[in-house]
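In what follows, a structure is listed as C-alpha cells, so that the remarks can point back to it.
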Amino acid sequence: MSKIEYTSLEGKSPAYFGFLGALAFVILLALGAVFYMEHEGHHVTGMNNQIVWGMPHVFAIFLIVAASGALNVASIASVFRKKLYEPMARLSALLAIALLTGGLVVLLLDLGRPDRLIVAMTYYNFKSIFAWNIILYTGFFGFVGAYLWTMMDHNVYKYKPYAGFAAFVWRLILTTGTGSIFGFLVARSAYDAALMAPMFIVMSFSFGLAIFLLVLMATYKWNNMELGDVVLNRLRNLLGVFVAGVLYFTAVYHLTNLYATQHHGVEKFLLLEGGVFTNIFWIGEILLGGIIPLILIYAPGVKNCRTTLGLICTLIIFGGFAKIYTILIAGQAYPLEIFPGYEVSSSFYDGVVNSYTPSLPEIMLGLGGIAMTLFIVAFALKVLRFLPVSLADSVADPHHAK
Amino acid sequence: MKKTENKTINNSRRDFLSKAAVAGTITIAPGVLLHSTSAHAIDGDATDLNTSVSTRPLDQEVSSKNRWGMLIDTTKCATGCTDCVDACNEENGLIGHNRPETDAQYIRKVTLKSKSTGHELSLPLMCQHCETAPCADVCPTGASFVRADGIALVDKHICIGCRYCMMACPYKARSFVHEDVKNQKLSAPRGKGTVEACTMCVTRVDNGGIPACVEACTAENHNAMIFGDLKDPNSPISIELKKHGGKQLRSDLALNTGVRYQGMNE
C-alpha cells in the first residue's frame with residue numbers, strides 16, 4: 001500500500017455549520033434539562049428509590065461501551081497488523097475519545113451532586129469497581145490520546161505499535177470494568193454474573209463498529225469523498241461476527257440462569273411476563289437488534305447496498321439501546337428477593353415489579369451526550385487531518401480487481 | 001386477680017433487684033455496667049433489655065470492641081403497627097411529599113405470607129448494618145462506610161449521589177434525597193442529591209441512648225425490638241441470640257448483618 005494521504009474537512013459550508021449549530025442546540029437543551037433536574041431535585045425525573053438508574057445511565061453506558069468498541073478498527077490495524085484498516089485508525093481513535101466524552105458527561109451530569117466532581121477525582125475507595133472505572137476512563141483518554149499522537153506525529157511514529165497495543169489492552173480492561181459494574185452486584189437477581197464483563201466487551205465490539213460505520217459513511221458521503229466497497233464489506237462481515245457474538249453471550253446468560261431454580265423468577269420476568277421489558281427484549285434487542293441485522297449482513301442480494309448497511313448499523317444501535325435498557329431498567333424493575341418463599345408487601349414497593357417512565361429531561365440529557373460526541377468528531381475533523389483522502393477500492397486494496 | 005397481684009409483686013421485685021444491681025455495679029465497676037445488668041435483664045421487662053448503651057466518652061474514637069445490633073422478634077410485631085416507623089420519621093425529620101416512589105423511608109413495615117404454609121408475619125425492615133456492607137464496597141468515594149462499631153453510615157460531605165450503593169444494597173434500605181430539604185433535625189443531617197438510610201440513630205447511641213424505633217416499640221409495650229452490643233456476651237441481645245438464635249436476611253450473602261430476626265418460620 002502506498003503512503004496514506006490524510007485530509008481535514010474544509011468545514012466552511014452552511015451545511016457544516018448548520019450541523020454544528022443543530023448539535024450545539026441539542027447540547028444547550030440538554031444543559032437546560034440538567035439545570036432543571038438539579039435545581040428541582042431528581043423527583044422531576046422518572047427515577048425514584050426503586051429505579052435508581054434511569055435513561056441517562058442507559059445513554060451513558062451505551063456511549064461508554066461503544067467508545068471502547070469504536071477503537072476496534074485502529075486496534076485491528078496496529079495490534080493485528082491488518083493493512084486494510086490502517087487508514088481508518090485515526091478516525092477510529094477520535095470516535096472512541098468522543099464517545100467516551102459524551103458518555104461521561106451524561107453520567108456526571110446525572111449525579112445527585114455533579115458539583116462534587118472534584119470529590120470523585122480525589123477520594124477513592126479502591127474496593128469499588130466504580131472508582132476503578134473512573135481511573136480506567138481517565139487512562140483511556142491518556143492511552144488513546146497518546147496513540148493518536150503517535151499516528152499523527154512523524155517524530156513519535158515509531159512508538160505507534162506500542163501505543164496501539166497499550167490502548168487495546170486498556171480498552172479491554174475498561175469494558176471489563178463497565179460490565180463488572182453489574183457483574184459485581186451480588187444483591188440483584190439479574191446481575192451478579194461474571195459473564196457480564198465479556199458480554200460487555202462483545203457488545204462494545206458490535207455497537208462501536210456500527211457507530212464507526214455510520215460516521216464513516218456519512219462523513220465520506222457528505223464530503224463527496226471516495227469510499228469503496230472493499231473496506232465496507234470487510235467491516236460489514238466483521239460486524240456480523242460481533243452481532244452473532246452478542247446473541248451468543250445473551251443466550252448463554254439466560255440459559256445459565258434458566259438452569260438454576262433460584263433464577264427462574266427473574267428469567268420468567270425477563271423472557272415472558274415482564275410486559276414492556278419482555279417486548280423490548282424480544283422485539284428490540286433480539287429481533288431488531290440481532291436477528292434482522294444478522295440476516296441483512298449476510299444476505300447476498302444486498303451485499304454492496306449502502307442504504308442497507310446504514311439500516312443494519314441503525315438497527316444494531318437501536319438494539320444496543322434496547323439491550324442496555326433491558327439490563328439496566330428491567331434488572332432494577334424486578335423486585336429484590338429479600339424473603340425467598342414469601343409473598344411480600346410494604347409501603348416501599350417490596351415484592352412488586354417497579355415501574356419506570358422516562359422523563360423528557362432525562363432523555364434530553366442522553367441526547368445531549370450523543371450531540372456532544374458528534375460535535376467533537378465534526379469539529380476535530382475540521383481542525384486536524386483524521387480522514388484518508390480516499391478509501392476507494394484501489395487505495396484500500398491494491399490487489400483489488402476492478 | 002390473685003394472679004395479677006403476683007405478677008405485680010414479681011415485677012416490683014424484679015425492678016428492685018434490677019435497680020439494686022445497677023446501683024451496685026455503678027459503685028463497684030462503672031466500666032462493666034452492661035455486663036452485670038444484662039444477665040438478669042433478659043428475664044425482666046423490655047425496658048431493661050434496651051438499657052445496653054454506649055459508655056464510650058464522646059472524645060474517644062469509635063471502637064471495634066462494640067458491635068451495635070438489633071434483634072427483632074417478629075412474633076411480637078403486629079401487622080399494621082407503625083410505631084417504629086413513625087418514631088424514625090420523627091427522629092430523622094423525614095417528611096413525605098406525597099410522592100411515595102421518591103419519599104425517603106429509613107424503616108418500613110413489611111408484611112410476609114409464606115407461599116408454602118400461608119403463615120403471615122410482619123416485621124420492620126431497615127439498613128441491616130452489615131459487617132461487609134455491599135454499599136460500602138461499591139461506593140466510589142468511600143462516602144458509604146461502616147464504623148468500627150458496626151454502624152453503616154453515609155458521609156454526606158463526600159457522597160456524590162451516584163446511587164451505586166442503592167443498586168448494591170440487598171435490602172433496598174437506602175433512599176435518595178429527591179428534593180430540597182427543609183427544617184432538618186440537628187442530629188440527623190440530610191442533603192439533596194445524596195443517599196441516606198437508617199443510621200441506627202447514631203447520635204443517640206453515641207450519647208448513651210437507644211435507637212428511636214426500639215424506644216418507641218418498647219414504650220408502647222410491643223417489645224419486639226432489642227438493641228444492644230453483639231460483642232458483649234452478657235448483653236441482653238447476645239444472650240437472647242444465644243438462647244433462641246436469630247436469622248440474618250439474605251444470609252446466603254454472608255454479610256454478617258447487625259440486625260437479626262426471630263420467629264421467621266415458614
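Residues are referred to by chain and number: the chain letter is A, B, ... according to the order shown in the C-alpha cells, the number counts from 1 in that chain, and ligands are numbered separately from 1 in the order shown.
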key: Proximal residues of chain A relative to chain B (only C-alpha atoms; 6 Å) as a list in words   = Gly41, His42, His43, Asn48, Asn49, Leu111, Gly112, Arg113, Arg116, Ala120, Tyr123, Tyr124, Asn125, Lys127, Ser128, Phe130, Ala131, Leu185, Ala187, Gly341, Tyr342, Glu343, Val344, Ser345 and Ser346 of chain A
Residues near Tyr334 of chain A, cut-off 12 Å, only C-alpha atoms, skip fewer than 4 positions along chain, as an MDAnalysis selection string:
chainID A and resid 50:51 187:191 263 265:270 273:275 277:278 326:330 338 349:356
Okay, now the selection with C-alpha atoms, as an mmCIF file, in the first residue's frame?
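And here's selection-v7.cif as it stands now:
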```
data_model
loop_
_atom_site.group_PDB
_atom_site.id
_atom_site.type_symbol
_atom_site.label_atom_id
_atom_site.label_comp_id
_atom_site.auth_asym_id
_atom_site.auth_seq_id
_atom_site.Cartn_x
_atom_site.Cartn_y
_atom_site.Cartn_z
ATOM 1 C CA GLN A 50 -36.796 1.771 43.181
ATOM 2 C CA ILE A 51 -35.383 2.545 39.740
ATOM 3 C CA ALA A 187 -27.827 -8.350 45.561
ATOM 4 C CA ARG A 188 -29.850 -8.371 42.370
ATOM 5 C CA SER A 189 -31.020 -11.483 40.597
ATOM 6 C CA ALA A 190 -30.499 -10.107 37.092
ATOM 7 C CA TYR A 191 -26.857 -9.163 37.720
ATOM 8 C CA HIS A 263 -33.173 -17.606 38.957
ATOM 9 C CA GLY A 265 -38.332 -15.967 38.777
ATOM 10 C CA VAL A 266 -36.196 -13.307 37.164
ATOM 11 C CA GLU A 267 -35.970 -15.249 33.886
ATOM 12 C CA LYS A 268 -39.730 -15.673 33.769
ATOM 13 C CA PHE A 269 -39.980 -11.934 34.268
ATOM 14 C CA LEU A 270 -37.408 -11.002 31.621
ATOM 15 C CA GLU A 273 -44.066 -11.844 31.904
ATOM 16 C CA GLY A 274 -42.187 -8.556 32.067
ATOM 17 C CA GLY A 275 -44.639 -6.681 29.829
ATOM 18 C CA PHE A 277 -39.456 -5.152 29.289
ATOM 19 C CA THR A 278 -40.158 -8.526 27.688
ATOM 20 C CA THR A 326 -33.194 -4.368 29.471
ATOM 21 C CA ILE A 327 -30.101 -4.998 31.553
ATOM 22 C CA LEU A 328 -30.361 -1.740 33.456
ATOM 23 C CA ILE A 329 -34.051 -0.962 33.901
ATOM 24 C CA ALA A 330 -35.573 -4.441 33.808
ATOM 25 C CA ILE A 338 -35.083 -10.465 50.337
ATOM 26 C CA TYR A 349 -42.700 -1.311 46.898
ATOM 27 C CA ASP A 350 -41.299 -4.557 48.241
ATOM 28 C CA GLY A 351 -42.314 -7.602 46.260
ATOM 29 C CA VAL A 352 -43.755 -5.680 43.320
ATOM 30 C CA VAL A 353 -42.397 -5.045 39.857
ATOM 31 C CA ASN A 354 -41.214 -1.459 39.817
ATOM 32 C CA SER A 355 -42.398 0.828 37.073
ATOM 33 C CA TYR A 356 -40.353 3.417 35.249
#
```
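Take the candidates B:Gly258, B:Gly209, B:Gly93, B:Gly80 and check each one against Leu241 of chain B using only C-alpha atoms; the shortest distance goes to B:Gly258.
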Those in segment 255-371 of chain A with strand (DSSP E or B) from DSSP, as a list of chain:residue names: A:Tyr342, A:Glu343, A:Val344, A:Ser345, A:Ser346
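Atom CA of Leu9 of chain A is found 27.7 Å from atom CA of Leu238 of chain A.
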- Task: Would you mind listing what lies within 9 Å of Ile316 of chain A as number ranges by chain, with only C-alpha atoms counted and same-chain residues fewer than 3 positions away left out?
- Result: A: 206-207, 210-211, 243, 285, 288-290, 293, 311-313, 319-321
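Closest to Lys76 of chain B among B:Ala224, B:Val214, B:Ala188, B:Val146 is B:Ala224, based on only C-alpha atoms.
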- Message: Need to verify the contact set: Leu214 of chain A, 9 Å, only C-alpha atoms, exclusion of same-chain residues closer than 4 positions in sequence. Can you return it as number ranges by chain?
- Response: A: 209-210, 218-219, 309-310, 313-314
Taking 6 positions as the minimum chain separation for residues in the same chain, which residues sit within 10 Å of Val205 of chain B when counting only C-alpha atoms? Answer as JSON, numbers by chain. {"B": [52, 53, 54, 55, 56, 68, 199, 211, 212, 227, 228]}
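Between atom CA of Gly240 of chain A and atom CA of Leu227 of chain A lies a distance of 20.0 Å.
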task: Identify, with DSSP run on backbone atoms, the residues in segment 119-192 of chain A assigned to helix (DSSP H, G or I), and express the list as an NGL selection string.
output: :A and (119-122 or 129-152 or 154-183)
Let's have the selection written as a PDB file, in the first residue's frame, with C-alpha atoms.
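To be explicit, this is the file written out as out_3.pdb:
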```pdb
ATOM      1  CA  VAL A 119     -14.536  14.727  45.246  1.00  0.00           C
ATOM      2  CA  ALA A 120     -14.966  11.865  42.785  1.00  0.00           C
ATOM      3  CA  MET A 121     -11.490  12.581  41.442  1.00  0.00           C
ATOM      4  CA  THR A 122      -9.782  12.863  44.814  1.00  0.00           C
ATOM      5  CA  ILE A 129     -15.386  -1.065  40.705  1.00  0.00           C
ATOM      6  CA  PHE A 130     -16.927   2.356  40.117  1.00  0.00           C
ATOM      7  CA  ALA A 131     -13.804   4.032  41.469  1.00  0.00           C
ATOM      8  CA  TRP A 132     -11.711   1.784  39.251  1.00  0.00           C
ATOM      9  CA  ASN A 133     -13.825   2.840  36.316  1.00  0.00           C
ATOM     10  CA  ILE A 134     -13.014   6.485  36.974  1.00  0.00           C
ATOM     11  CA  ILE A 135      -9.321   5.556  36.704  1.00  0.00           C
ATOM     12  CA  LEU A 136      -9.990   3.418  33.626  1.00  0.00           C
ATOM     13  CA  TYR A 137     -11.851   6.234  31.846  1.00  0.00           C
ATOM     14  CA  THR A 138      -9.094   8.713  32.586  1.00  0.00           C
ATOM     15  CA  GLY A 139      -6.499   6.202  31.440  1.00  0.00           C
ATOM     16  CA  PHE A 140      -8.428   5.558  28.238  1.00  0.00           C
ATOM     17  CA  PHE A 141      -8.198   9.228  27.322  1.00  0.00           C
ATOM     18  CA  GLY A 142      -4.479   9.109  28.049  1.00  0.00           C
ATOM     19  CA  PHE A 143      -3.702   5.917  26.143  1.00  0.00           C
ATOM     20  CA  VAL A 144      -5.884   6.635  23.125  1.00  0.00           C
ATOM     21  CA  GLY A 145      -4.684  10.237  23.085  1.00  0.00           C
ATOM     22  CA  ALA A 146      -1.064   9.056  23.060  1.00  0.00           C
ATOM     23  CA  TYR A 147      -1.929   6.509  20.383  1.00  0.00           C
ATOM     24  CA  LEU A 148      -3.434   9.243  18.231  1.00  0.00           C
ATOM     25  CA  TRP A 149      -0.337  11.324  18.756  1.00  0.00           C
ATOM     26  CA  THR A 150       1.920   8.508  17.545  1.00  0.00           C
ATOM     27  CA  MET A 151      -0.291   8.131  14.490  1.00  0.00           C
ATOM     28  CA  MET A 152      -0.281  11.814  13.611  1.00  0.00           C
ATOM     29  CA  HIS A 154       6.090  11.539  12.499  1.00  0.00           C
ATOM     30  CA  ASN A 155       8.552  12.230  15.305  1.00  0.00           C
ATOM     31  CA  VAL A 156       6.905   9.657  17.514  1.00  0.00           C
ATOM     32  CA  TYR A 157       5.544   7.374  14.788  1.00  0.00           C
ATOM     33  CA  LYS A 158       7.927   4.557  15.743  1.00  0.00           C
ATOM     34  CA  TYR A 159       6.117   4.199  19.076  1.00  0.00           C
ATOM     35  CA  LYS A 160       2.790   3.624  17.387  1.00  0.00           C
ATOM     36  CA  PRO A 161       2.726  -0.200  17.764  1.00  0.00           C
ATOM     37  CA  TYR A 162       3.361   0.108  21.500  1.00  0.00           C
ATOM     38  CA  ALA A 163       0.791   2.861  21.976  1.00  0.00           C
ATOM     39  CA  GLY A 164      -1.709   0.888  19.906  1.00  0.00           C
ATOM     40  CA  PHE A 165      -1.125  -2.259  21.939  1.00  0.00           C
ATOM     41  CA  ALA A 166      -1.427  -0.369  25.236  1.00  0.00           C
ATOM     42  CA  ALA A 167      -4.673   1.273  24.112  1.00  0.00           C
ATOM     43  CA  PHE A 168      -6.015  -2.130  23.011  1.00  0.00           C
ATOM     44  CA  VAL A 169      -5.273  -3.791  26.338  1.00  0.00           C
ATOM     45  CA  TRP A 170      -6.640  -0.792  28.230  1.00  0.00           C
ATOM     46  CA  ARG A 171      -9.919  -0.779  26.322  1.00  0.00           C
ATOM     47  CA  LEU A 172     -10.419  -4.463  27.139  1.00  0.00           C
ATOM     48  CA  ILE A 173      -9.826  -3.740  30.822  1.00  0.00           C
ATOM     49  CA  LEU A 174     -12.102  -0.700  30.626  1.00  0.00           C
ATOM     50  CA  THR A 175     -15.049  -2.637  29.258  1.00  0.00           C
ATOM     51  CA  THR A 176     -14.390  -5.422  31.743  1.00  0.00           C
ATOM     52  CA  GLY A 177     -14.789  -2.700  34.350  1.00  0.00           C
ATOM     53  CA  THR A 178     -18.007  -1.404  32.804  1.00  0.00           C
ATOM     54  CA  GLY A 179     -19.540  -4.882  32.671  1.00  0.00           C
ATOM     55  CA  SER A 180     -18.401  -5.580  36.202  1.00  0.00           C
ATOM     56  CA  ILE A 181     -20.412  -2.607  37.475  1.00  0.00           C
ATOM     57  CA  PHE A 182     -23.285  -5.045  37.046  1.00  0.00           C
ATOM     58  CA  GLY A 183     -21.373  -8.292  37.392  1.00  0.00           C
TER      59      GLY A 183
END
```
Expressed in Å, the length from atom CA of Gly11 of chain A to atom CA of Leu381 of chain A is 8.6 Å
